[in-house]
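Quick look at query.cif (mmCIF, C-alpha atoms (C1' of nucleotides)):
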data_my_file
loop_
_atom_site.group_PDB
_atom_site.id
_atom_site.type_symbol
_atom_site.label_atom_id
_atom_site.label_comp_id
_atom_site.auth_asym_id
_atom_site.auth_seq_id
_atom_site.Cartn_x
_atom_site.Cartn_y
_atom_site.Cartn_z
ATOM 1 C CA MET A 185 -4.590 12.617 21.530
ATOM 2 C CA ILE A 186 -3.683 10.493 24.532
ATOM 3 C CA TYR A 187 -0.797 12.829 25.171
ATOM 4 C CA LEU A 188 -3.126 15.793 24.976
ATOM 5 C CA ALA A 189 -5.567 14.072 27.315
ATOM 6 C CA ARG A 190 -2.818 13.499 29.846
ATOM 7 C CA ASN A 191 -1.434 16.982 29.484
ATOM 8 C CA GLU A 192 -2.357 19.182 32.428
ATOM 9 C CA ARG A 193 -1.297 22.568 31.116
ATOM 10 C CA PRO A 194 -3.948 24.903 29.757
ATOM 11 C CA GLY A 195 -3.834 26.259 26.236
ATOM 12 C CA TYR A 196 -2.547 24.772 23.024
ATOM 13 C CA VAL A 197 0.299 22.310 22.572
ATOM 14 C CA PRO A 198 2.562 22.941 19.564
ATOM 15 C CA ILE A 199 2.723 20.069 17.090
ATOM 16 C CA ARG A 200 6.489 20.205 17.274
ATOM 17 C CA GLU A 201 6.383 19.381 20.970
ATOM 18 C CA LEU A 202 3.880 16.604 20.378
ATOM 19 C CA ALA A 203 6.022 15.149 17.626
ATOM 20 C CA HIS A 204 9.019 15.040 19.903
ATOM 21 C CA GLU A 205 7.091 13.388 22.704
ATOM 22 C CA VAL A 206 5.453 10.772 20.542
ATOM 23 C CA GLY A 207 8.523 10.072 18.412
ATOM 24 C CA LEU A 208 7.137 11.027 15.031
ATOM 25 C CA SER A 209 8.501 13.518 12.557
ATOM 26 C CA PHE A 210 7.026 16.969 12.838
ATOM 27 C CA HIS A 211 5.829 17.089 9.251
ATOM 28 C CA PHE A 212 4.258 13.674 9.367
ATOM 29 C CA LEU A 213 2.396 14.350 12.589
ATOM 30 C CA THR A 214 1.241 17.683 11.207
ATOM 31 C CA LYS A 215 -0.441 15.914 8.341
ATOM 32 C CA ILE A 216 -2.199 13.468 10.649
ATOM 33 C CA LEU A 217 -3.375 16.153 13.031
ATOM 34 C CA GLN A 218 -4.710 18.234 10.181
ATOM 35 C CA SER A 219 -7.238 15.530 9.382
ATOM 36 C CA MET A 220 -8.174 15.350 13.045
ATOM 37 C CA THR A 221 -8.677 19.075 13.169
ATOM 38 C CA ALA A 222 -10.746 18.960 10.010
ATOM 39 C CA ALA A 223 -12.876 16.246 11.601
ATOM 40 C CA GLY A 224 -13.513 18.416 14.633
ATOM 41 C CA LEU A 225 -11.582 16.269 17.080
ATOM 42 C CA LEU A 226 -8.957 18.934 17.664
ATOM 43 C CA GLU A 227 -8.956 22.674 17.845
ATOM 44 C CA SER A 228 -5.962 24.462 16.463
ATOM 45 C CA HIS A 229 -4.556 27.899 16.693
ATOM 46 C CA LYS A 230 -1.898 29.515 14.545
ATOM 47 C CA GLY A 231 0.884 31.768 15.619
ATOM 48 C CA PRO A 232 2.901 32.032 18.821
ATOM 49 C CA ARG A 233 1.334 30.159 21.744
ATOM 50 C CA GLY A 234 -0.642 28.266 19.146
ATOM 51 C CA GLY A 235 -0.880 24.558 18.599
ATOM 52 C CA VAL A 236 -3.578 21.957 19.003
ATOM 53 C CA ALA A 237 -5.890 20.958 21.820
ATOM 54 C CA LEU A 238 -8.706 18.510 22.308
ATOM 55 C CA ALA A 239 -11.933 19.965 20.957
ATOM 56 C CA ARG A 240 -13.988 17.854 23.332
ATOM 57 C CA GLU A 241 -13.387 16.265 26.687
ATOM 58 C CA ALA A 242 -11.300 13.115 26.383
ATOM 59 C CA ASP A 243 -14.135 10.945 27.638
ATOM 60 C CA ALA A 244 -16.329 12.226 24.817
ATOM 61 C CA VAL A 245 -13.936 11.113 22.079
ATOM 62 C CA THR A 246 -13.939 7.466 21.056
ATOM 63 C CA VAL A 247 -11.349 5.502 19.155
ATOM 64 C CA TYR A 248 -13.989 5.161 16.472
ATOM 65 C CA ASP A 249 -13.964 8.932 16.037
ATOM 66 C CA VAL A 250 -10.225 8.915 15.548
ATOM 67 C CA ILE A 251 -10.267 6.051 13.066
ATOM 68 C CA ALA A 252 -13.072 7.727 11.145
ATOM 69 C CA ALA A 253 -11.084 10.944 10.988
ATOM 70 C CA VAL A 254 -7.769 9.420 9.947
ATOM 71 C CA ASP A 255 -8.734 6.408 7.853
ATOM 72 C CA GLY A 256 -12.382 7.010 7.033
ATOM 73 C CA VAL A 257 -15.458 5.042 8.016
ATOM 74 C CA SER A 258 -15.189 2.721 5.046
ATOM 75 C CA VAL A 259 -12.911 0.396 7.004
ATOM 76 C CA PHE A 260 -16.018 -0.658 8.929
ATOM 77 C CA SER A 261 -17.815 -1.872 5.854
ATOM 78 C CA GLU A 262 -15.062 -3.241 3.669
ATOM 79 C CA CYS A 263 -14.916 -6.829 2.448
ATOM 80 C CA ILE A 264 -12.223 -8.855 4.181
ATOM 81 C CA LEU A 265 -11.152 -10.283 0.828
ATOM 82 C CA GLY A 266 -10.979 -6.809 -0.673
ATOM 83 C CA LEU A 267 -13.616 -7.557 -3.285
ATOM 84 C CA PRO A 268 -15.014 -4.214 -4.426
ATOM 85 C CA ASP A 269 -18.518 -5.474 -5.176
ATOM 86 C CA CYS A 270 -18.984 -7.536 -2.032
ATOM 87 C CA GLY A 271 -22.088 -6.520 -0.103
ATOM 88 C CA SER A 272 -25.395 -7.786 1.191
ATOM 89 C CA ASP A 273 -26.716 -8.234 -2.317
ATOM 90 C CA HIS A 274 -23.548 -9.769 -3.739
ATOM 91 C CA PRO A 275 -21.777 -11.359 -0.786
ATOM 92 C CA CYS A 276 -18.441 -13.114 -0.924
ATOM 93 C CA PRO A 277 -18.236 -16.486 0.854
ATOM 94 C CA LEU A 278 -16.859 -14.851 3.988
ATOM 95 C CA HIS A 279 -19.173 -11.866 3.978
ATOM 96 C CA ASP A 280 -21.600 -12.758 6.761
ATOM 97 C CA ARG A 281 -19.076 -14.273 9.121
ATOM 98 C CA TRP A 282 -16.668 -11.406 8.711
ATOM 99 C CA ALA A 283 -19.446 -8.865 9.162
ATOM 100 C CA GLN A 284 -20.127 -10.288 12.602
ATOM 101 C CA HIS A 285 -16.551 -9.951 13.786
ATOM 102 C CA ARG A 286 -16.156 -6.594 12.117
ATOM 103 C CA SER A 287 -19.111 -5.235 14.045
ATOM 104 C CA LYS A 288 -17.595 -6.589 17.260
ATOM 105 C CA ILE A 289 -14.491 -4.585 16.523
ATOM 106 C CA GLU A 290 -16.560 -1.544 15.732
ATOM 107 C CA GLU A 291 -18.350 -1.953 19.049
ATOM 108 C CA MET A 292 -15.018 -2.067 20.811
ATOM 109 C CA VAL A 293 -13.716 1.125 19.277
ATOM 110 C CA ARG A 294 -17.031 2.884 19.801
ATOM 111 C CA ARG A 295 -16.945 1.967 23.481
ATOM 112 C CA GLU A 296 -13.301 2.888 24.023
ATOM 113 C CA THR A 297 -12.607 6.516 24.808
ATOM 114 C CA ILE A 298 -9.407 8.489 24.680
ATOM 115 C CA ALA A 299 -9.834 9.132 28.390
ATOM 116 C CA ALA A 300 -9.811 5.396 29.143
ATOM 117 C CA LEU A 301 -6.733 4.841 27.006
ATOM 118 C CA ALA A 302 -5.012 7.773 28.663
ATOM 119 C CA ARG A 303 -5.588 6.148 32.050
ATOM 120 C CA ASP A 304 -4.148 2.870 30.775
ATOM 121 C CA ALA A 305 -1.187 4.578 29.191
ATOM 122 C CA GLY A 306 -0.476 5.953 32.632
ATOM 123 C CA ARG A 307 -0.358 2.460 34.043
ATOM 124 C CA LEU A 308 1.677 1.119 31.183
ATOM 125 C CA GLY A 309 4.625 3.450 31.453
ATOM 126 C CA PRO A 310 5.854 6.944 30.883
ATOM 127 C CA SER A 311 5.667 6.846 27.085
ATOM 128 C CA PHE A 312 3.947 5.186 24.202
ATOM 129 C CA ARG A 313 6.566 6.259 21.760
ATOM 130 C CA ALA A 314 6.701 4.479 18.419
ATOM 131 C CA GLY A 315 10.396 4.257 17.607
ATOM 132 C CA MET B 112 -9.916 -22.866 -3.776
ATOM 133 C CA ILE B 113 -13.659 -22.748 -3.303
ATOM 134 C CA TYR B 114 -14.052 -23.245 -7.016
ATOM 135 C CA LEU B 115 -11.737 -26.239 -6.848
ATOM 136 C CA ALA B 116 -13.643 -27.616 -3.885
ATOM 137 C CA ARG B 117 -16.904 -27.342 -5.797
ATOM 138 C CA ASN B 118 -15.452 -28.790 -8.958
ATOM 139 C CA GLU B 119 -16.537 -32.366 -9.516
ATOM 140 C CA ARG B 120 -14.232 -33.356 -12.358
ATOM 141 C CA PRO B 121 -11.156 -35.412 -11.551
ATOM 142 C CA GLY B 122 -7.652 -34.235 -12.401
ATOM 143 C CA TYR B 123 -6.156 -30.794 -12.572
ATOM 144 C CA VAL B 124 -7.867 -27.518 -13.426
ATOM 145 C CA PRO B 125 -5.849 -25.109 -15.613
ATOM 146 C CA ILE B 126 -5.217 -21.731 -14.039
ATOM 147 C CA ARG B 127 -6.540 -20.084 -17.164
ATOM 148 C CA GLU B 128 -9.926 -21.695 -16.623
ATOM 149 C CA LEU B 129 -9.910 -20.722 -12.953
ATOM 150 C CA ALA B 130 -9.016 -17.143 -13.821
ATOM 151 C CA HIS B 131 -11.929 -16.924 -16.212
ATOM 152 C CA GLU B 132 -14.374 -18.382 -13.696
ATOM 153 C CA VAL B 133 -13.277 -16.180 -10.822
ATOM 154 C CA GLY B 134 -12.870 -13.029 -12.876
ATOM 155 C CA LEU B 135 -9.184 -12.393 -12.302
ATOM 156 C CA SER B 136 -6.441 -11.981 -14.848
ATOM 157 C CA PHE B 137 -4.590 -15.159 -15.674
ATOM 158 C CA HIS B 138 -1.186 -13.789 -14.748
ATOM 159 C CA PHE B 139 -2.354 -12.334 -11.479
ATOM 160 C CA LEU B 140 -4.055 -15.526 -10.394
ATOM 161 C CA THR B 141 -1.000 -17.504 -11.400
ATOM 162 C CA LYS B 142 1.081 -15.515 -8.965
ATOM 163 C CA ILE B 143 -1.355 -16.081 -6.128
ATOM 164 C CA LEU B 144 -1.685 -19.784 -6.777
ATOM 165 C CA GLN B 145 2.074 -20.181 -6.887
ATOM 166 C CA SER B 146 2.292 -19.155 -3.247
ATOM 167 C CA MET B 147 -0.487 -21.563 -2.401
ATOM 168 C CA THR B 148 1.303 -24.355 -4.187
ATOM 169 C CA ALA B 149 4.527 -23.468 -2.409
ATOM 170 C CA ALA B 150 2.646 -23.600 0.887
ATOM 171 C CA GLY B 151 1.391 -27.092 0.128
ATOM 172 C CA LEU B 152 -2.253 -26.123 -0.206
ATOM 173 C CA LEU B 153 -2.363 -26.968 -3.900
ATOM 174 C CA GLU B 154 -0.756 -29.561 -6.111
ATOM 175 C CA SER B 155 0.212 -28.502 -9.582
ATOM 176 C CA HIS B 156 1.150 -30.238 -12.747
ATOM 177 C CA LYS B 157 2.762 -28.815 -15.851
ATOM 178 C CA GLY B 158 1.993 -29.611 -19.436
ATOM 179 C CA PRO B 159 -1.180 -30.600 -21.238
ATOM 180 C CA ARG B 160 -3.922 -31.775 -18.876
ATOM 181 C CA GLY B 161 -2.008 -29.995 -16.159
ATOM 182 C CA GLY B 162 -3.163 -27.306 -13.770
ATOM 183 C CA VAL B 163 -3.810 -27.131 -10.067
ATOM 184 C CA ALA B 164 -5.825 -29.197 -7.629
ATOM 185 C CA LEU B 165 -6.427 -29.209 -3.898
ATOM 186 C CA ALA B 166 -3.595 -30.944 -2.124
ATOM 187 C CA ARG B 167 -5.868 -31.928 0.767
ATOM 188 C CA GLU B 168 -9.552 -32.514 1.183
ATOM 189 C CA ALA B 169 -11.449 -29.226 1.329
ATOM 190 C CA ASP B 170 -12.551 -29.892 4.895
ATOM 191 C CA ALA B 171 -8.923 -30.180 5.948
ATOM 192 C CA VAL B 172 -7.991 -26.715 4.687
ATOM 193 C CA THR B 173 -8.854 -23.724 6.835
ATOM 194 C CA VAL B 174 -9.076 -20.080 5.908
ATOM 195 C CA TYR B 175 -6.158 -19.598 8.277
ATOM 196 C CA ASP B 176 -4.041 -21.841 6.061
ATOM 197 C CA VAL B 177 -4.882 -19.724 3.038
ATOM 198 C CA ILE B 178 -4.176 -16.427 4.771
ATOM 199 C CA ALA B 179 -0.915 -17.788 6.094
ATOM 200 C CA ALA B 180 0.084 -18.869 2.612
ATOM 201 C CA VAL B 181 -0.884 -15.673 0.817
ATOM 202 C CA ASP B 182 -0.275 -12.939 3.383
ATOM 203 C CA GLY B 183 1.873 -14.626 6.015
ATOM 204 C CA VAL B 184 1.139 -15.343 9.655
ATOM 205 C CA SER B 185 2.374 -11.957 10.824
ATOM 206 C CA VAL B 186 -1.077 -10.465 10.302
ATOM 207 C CA PHE B 187 -2.128 -12.357 13.418
ATOM 208 C CA SER B 188 0.386 -10.634 15.641
ATOM 209 C CA GLU B 189 0.583 -7.137 14.226
ATOM 210 C CA CYS B 190 -0.207 -3.996 16.198
ATOM 211 C CA ILE B 191 -3.483 -2.389 15.173
ATOM 212 C CA LEU B 192 -1.819 1.014 15.161
ATOM 213 C CA GLY B 193 1.032 -0.303 13.036
ATOM 214 C CA LEU B 194 3.662 0.455 15.644
ATOM 215 C CA PRO B 195 6.658 -1.744 14.867
ATOM 216 C CA ASP B 196 7.817 -2.134 18.467
ATOM 217 C CA CYS B 197 4.422 -2.831 20.003
ATOM 218 C CA GLY B 198 4.382 -6.088 21.942
ATOM 219 C CA SER B 199 3.798 -7.598 25.351
ATOM 220 C CA ASP B 200 6.858 -5.867 26.741
ATOM 221 C CA HIS B 201 6.225 -2.531 25.044
ATOM 222 C CA PRO B 202 2.469 -2.355 24.474
ATOM 223 C CA CYS B 203 0.634 0.458 22.767
ATOM 224 C CA PRO B 204 -2.502 1.730 24.529
ATOM 225 C CA LEU B 205 -4.703 -0.520 22.426
ATOM 226 C CA HIS B 206 -2.488 -3.584 22.583
ATOM 227 C CA ASP B 207 -4.372 -5.768 25.047
ATOM 228 C CA ARG B 208 -7.832 -4.939 23.809
ATOM 229 C CA TRP B 209 -6.914 -5.451 20.209
ATOM 230 C CA ALA B 210 -5.148 -8.716 20.992
ATOM 231 C CA GLN B 211 -8.394 -10.108 22.318
ATOM 232 C CA HIS B 212 -10.365 -9.309 19.196
ATOM 233 C CA ARG B 213 -7.525 -10.354 16.956
ATOM 234 C CA SER B 214 -7.474 -13.786 18.544
ATOM 235 C CA LYS B 215 -11.228 -14.033 18.046
ATOM 236 C CA ILE B 216 -10.692 -13.429 14.369
ATOM 237 C CA GLU B 217 -7.916 -15.971 14.297
ATOM 238 C CA GLU B 218 -10.232 -18.490 15.929
ATOM 239 C CA MET B 219 -12.826 -17.803 13.267
ATOM 240 C CA VAL B 220 -10.480 -18.412 10.376
ATOM 241 C CA ARG B 221 -8.971 -21.480 12.059
ATOM 242 C CA ARG B 222 -12.446 -22.931 12.464
ATOM 243 C CA GLU B 223 -13.648 -22.090 8.971
ATOM 244 C CA THR B 224 -12.834 -24.603 6.270
ATOM 245 C CA ILE B 225 -12.854 -24.283 2.513
ATOM 246 C CA ALA B 226 -15.448 -27.042 2.449
ATOM 247 C CA ALA B 227 -17.817 -25.007 4.604
ATOM 248 C CA LEU B 228 -17.351 -21.927 2.448
ATOM 249 C CA ALA B 229 -17.909 -23.979 -0.685
ATOM 250 C CA ARG B 230 -21.252 -25.129 0.709
ATOM 251 C CA ASP B 231 -22.219 -21.524 1.462
ATOM 252 C CA ALA B 232 -21.088 -20.329 -1.931
ATOM 253 C CA GLY B 233 -23.524 -22.848 -3.346
ATOM 254 C CA ARG B 234 -26.360 -21.304 -1.411
ATOM 255 C CA LEU B 235 -25.324 -17.782 -2.275
ATOM 256 C CA GLY B 236 -25.444 -18.097 -6.017
ATOM 257 C CA PRO B 237 -23.717 -19.503 -9.032
ATOM 258 C CA SER B 238 -20.610 -17.363 -8.801
ATOM 259 C CA PHE B 239 -18.476 -15.449 -6.380
ATOM 260 C CA ARG B 240 -16.831 -13.469 -9.095
ATOM 261 C CA ALA B 241 -14.985 -10.299 -8.132
ATOM 262 C CA GLY B 242 -15.729 -7.925 -10.987
ATOM 263 C "C1'" DT C 91 10.587 -36.643 -31.708
ATOM 264 C "C1'" DT C 92 7.965 -32.739 -32.499
ATOM 265 C "C1'" DA C 93 4.488 -29.556 -31.269
ATOM 266 C "C1'" DA C 94 1.220 -27.899 -28.180
ATOM 267 C "C1'" DT C 95 0.133 -26.917 -23.487
ATOM 268 C "C1'" DT C 96 0.848 -25.835 -19.066
ATOM 269 C "C1'" DA C 97 2.997 -24.052 -14.494
ATOM 270 C "C1'" DC C 98 7.111 -21.507 -12.889
ATOM 271 C "C1'" DA C 99 10.350 -17.710 -12.058
ATOM 272 C "C1'" DG C 100 11.652 -13.351 -12.166
ATOM 273 C "C1'" DA C 101 11.729 -8.838 -14.254
ATOM 274 C "C1'" DC C 102 8.912 -5.071 -15.015
ATOM 275 C "C1'" DA C 103 5.033 -1.390 -14.583
ATOM 276 C "C1'" DA C 104 1.448 0.868 -12.204
ATOM 277 C "C1'" DA C 105 -0.952 2.294 -8.249
ATOM 278 C "C1'" DA C 106 -1.403 3.274 -3.573
ATOM 279 C "C1'" DG C 107 0.380 4.584 0.759
ATOM 280 C "C1'" DA C 108 3.663 6.596 3.831
ATOM 281 C "C1'" DG C 109 6.426 10.185 4.778
ATOM 282 C "C1'" DT C 110 8.931 14.796 3.629
ATOM 283 C "C1'" DC C 111 9.346 19.465 2.384
ATOM 284 C "C1'" DC C 112 8.293 24.168 1.214
ATOM 285 C "C1'" DG C 113 5.738 28.326 0.883
ATOM 286 C "C1'" DA C 114 1.685 30.875 2.495
ATOM 287 C "C1'" DA C 115 -1.535 32.563 5.898
ATOM 288 C "C1'" DA C 116 -2.530 33.707 10.523
ATOM 289 C "C1'" DT C 117 -1.398 35.565 15.065
ATOM 290 C "C1'" DA C 118 0.897 36.902 19.385
ATOM 291 C "C1'" DT C 119 4.405 39.867 21.178
ATOM 292 C "C1'" DG C 120 7.465 43.705 21.504
ATOM 293 C "C1'" DC D 105 4.400 47.834 12.491
ATOM 294 C "C1'" DA D 106 7.905 44.182 12.377
ATOM 295 C "C1'" DT D 107 9.212 39.812 13.592
ATOM 296 C "C1'" DA D 108 9.016 35.313 15.251
ATOM 297 C "C1'" DT D 109 6.035 31.464 15.663
ATOM 298 C "C1'" DT D 110 2.798 28.419 14.434
ATOM 299 C "C1'" DT D 111 -0.772 25.791 11.551
ATOM 300 C "C1'" DC D 112 -2.387 24.948 6.726
ATOM 301 C "C1'" DG D 113 -2.258 23.275 2.021
ATOM 302 C "C1'" DG D 114 -0.281 21.240 -1.585
ATOM 303 C "C1'" DA D 115 3.430 19.305 -4.109
ATOM 304 C "C1'" DC D 116 6.839 16.137 -3.991
ATOM 305 C "C1'" DT D 117 9.622 11.740 -3.047
ATOM 306 C "C1'" DC D 118 10.183 7.193 -1.396
ATOM 307 C "C1'" DT D 119 8.512 2.697 -0.298
ATOM 308 C "C1'" DT D 120 5.310 -0.931 -0.530
ATOM 309 C "C1'" DT D 121 1.801 -3.292 -2.704
ATOM 310 C "C1'" DT D 122 -0.545 -4.759 -6.594
ATOM 311 C "C1'" DG D 123 -0.735 -6.326 -11.016
ATOM 312 C "C1'" DT D 124 1.361 -7.439 -15.812
ATOM 313 C "C1'" DC D 125 4.465 -9.441 -19.012
ATOM 314 C "C1'" DT D 126 8.058 -12.436 -20.995
ATOM 315 C "C1'" DG D 127 10.659 -16.254 -21.302
ATOM 316 C "C1'" DT D 128 11.781 -21.088 -19.607
ATOM 317 C "C1'" DA D 129 11.107 -25.739 -18.116
ATOM 318 C "C1'" DA D 130 8.214 -29.616 -17.792
ATOM 319 C "C1'" DT D 131 4.895 -32.719 -19.688
ATOM 320 C "C1'" DT D 132 1.573 -34.795 -22.718
ATOM 321 C "C1'" DA D 133 0.043 -36.555 -27.041
ATOM 322 C "C1'" DA D 134 0.333 -37.417 -31.816
#
How does this structure look as structure tokens?
Amino acid sequence: MIYLARNERPGYVPIRELAHEVGLSFHFLTKILQSMTAAGLLESHKGPRGGVALAREADAVTVYDVIAAVDGVSVFSECILGLPDCGSDHPCPLHDRWAQHRSKIEEMVRRETIAALARDAGRLGPSFRAG
Amino acid sequence: MIYLARNERPGYVPIRELAHEVGLSFHFLTKILQSMTAAGLLESHKGPRGGVALAREADAVTVYDVIAAVDGVSVFSECILGLPDCGSDHPCPLHDRWAQHRSKIEEMVRRETIAALARDAGRLGPSFRAG
DNA sequence: TTAATTACAGACAAAAGAGTCCGAAATATG
DNA sequence: CATATTTCGGACTCTTTTGTCTGTAATTAA
């Protein structure tokens, strides 16, 4: 999404191009982007001159949105020990303390937009490739 | 370890008893406790009247120690996006921001002792069973 | 010294996650 | 209309994690 935010050209960007730029396999990236499209973060278009594009302006998409789309919102309520029944009514010994830090993290990702990260990525270097 | 910290009786506690109290299978808990023993957090003794016991006073064992023993210290330096090459010299767009929160979490677990959690577990209820 | 009890070590099985591949549906272009 | 291009959906494989089992060594107590 940062690549899309930094991309100046109008229209859709093919996943194959994205995959090459970001250093992921085409098939793998396709799977990830499908969940983003399903979540409404991306618009897609089939056929020639098709591809994906940001569905909203980059400053209207937060990291929280992306995490929610890819991993689900449950990561923001899970017990740090992994106990399935841990909750307010049946808290593990770390429940309250972890909940505080977890909400700090959630605040961070809710505040952080793709646009801001795209600006930083510009400062950091030409690529944020994985491999 | 919280159970051991709250246990008044002298001597070793058999893993089988611990497993029953905490609601984990004996074999599974055995495997976990072995890594804790190897890390020096627990002392163990074979044979009748054997079992495990805290190797140090509960207020001298931090949650960090336990995490380090069970999961390894790498969790405190890993990239939040999972990028293998992310680091100070090759940072991902979230690197710096995540590093700040990650160190906050590390501070929390370095500050938190088993003794403190044992006190809280007392307030919370009779058991911190998983199932 | 024998039998019971216990942790230890490693092999094994199951489940989850990460990643790959293939065919189908849609669409732009000539 | 035909063809090339592109996403979509699901099935599949591979790897990692999680959890189980089996036997062995150590230790205690009678």
Task: Evaluate the PyMOL selection byres ((chain B and resi 225) around 8) and report residues as a PyMOL selection string - done: chain B and resi 112-113+116+169-174+223-224+226-229
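Non-sequential neighbours of range 227-236 of chain A (distance at most 6 Å, separation of 5 or more positions within a chain, all atoms listed in the file) are Tyr196, Val197, Pro198, Ile199 and Thr221 of chain A; DA116, DT117 and DA118 of chain C; DT109, DT110 and DT111 of chain D.
Residue-level contact on chain D: within 6 Å of chain B, counting all atoms listed in the file, the set is DA130, DT131 and DT132 of chain D.
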DA103 in chain C surroundings by all atoms listed in the file, 12 Å radius, close-in-sequence under 4 positions cut, as a PDB file with C-alpha atoms (C1' of nucleotides), keeping the file's coordinate frame:
ATOM      1  C1'  DT D 122      -0.545  -4.759  -6.594  1.00  0.00           C
ATOM      2  C1'  DG D 123      -0.735  -6.326 -11.016  1.00  0.00           C
ATOM      3  C1'  DT D 124       1.361  -7.439 -15.812  1.00  0.00           C
ATOM      4  C1'  DC D 125       4.465  -9.441 -19.012  1.00  0.00           C
TER       5       DC D 125
END
Open item on the list: Once the PyMOL selection byres ((chain D and resi 113) around 12) is applied to the coordinates I shared, what remains selected? I want it as a PyMOL selection string.
Closed with: (chain A and resi 214-215+218-219) or (chain C and resi 112-115) or (chain D and resi 111-112+114-115)
Task: Atomic distance CA of Ala150 in chain B - C1' of DC98 in chain C, expressed in Å with one decimal - done: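 C1' of DC98 in chain C lies at a distance of 14.6 Å from CA of Ala150 in chain B.
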Open item on the list: Would you mind listing, as a ChimeraX atom specification, all residues of chain C that have at least one atom within 8 Å of chain B, where only C-alpha atoms (C1' of nucleotides) are what counts?
Closed with: /C:94-98
TODO: Expand the PyMOL selection byres ((chain A and resi 261) around 9) into the individual residues it matches in the shown file, reporting them as a PyMOL selection string.
DONE: chain A and resi 257-260+262-263+271+283+286-287
Task: For DG120 in chain C: contacts at 12 Å, all atoms listed in the file, fewer than 6 positions along chain excluded, given as a PyMOL selection string - done: chain D and resi 105-108
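Picture a line from CA of Cys276 in chain A to CA of Val133 in chain B; it runs 11.6 Å.
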Using only C-alpha atoms (C1' of nucleotides), which protein or nucleic acid residues come within 8 Å of range 106-109 of chain C? Drop anything in the same chain fewer than 6 positions from it, and give the result as a compact mmCIF listing (two decimals) with C-alpha atoms (C1' of nucleotides), in the coordinates of the input.
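Heads up, here's the output in part07.txt:
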# COMPACT_ATOMS: atom_id res chain seq x y z
CA PHE A 212 4.26 13.67 9.37
C1' DC D 118 10.18 7.19 -1.40
C1' DT D 119 8.51 2.70 -0.30
C1' DT D 120 5.31 -0.93 -0.53
C1' DT D 121 1.80 -3.29 -2.70
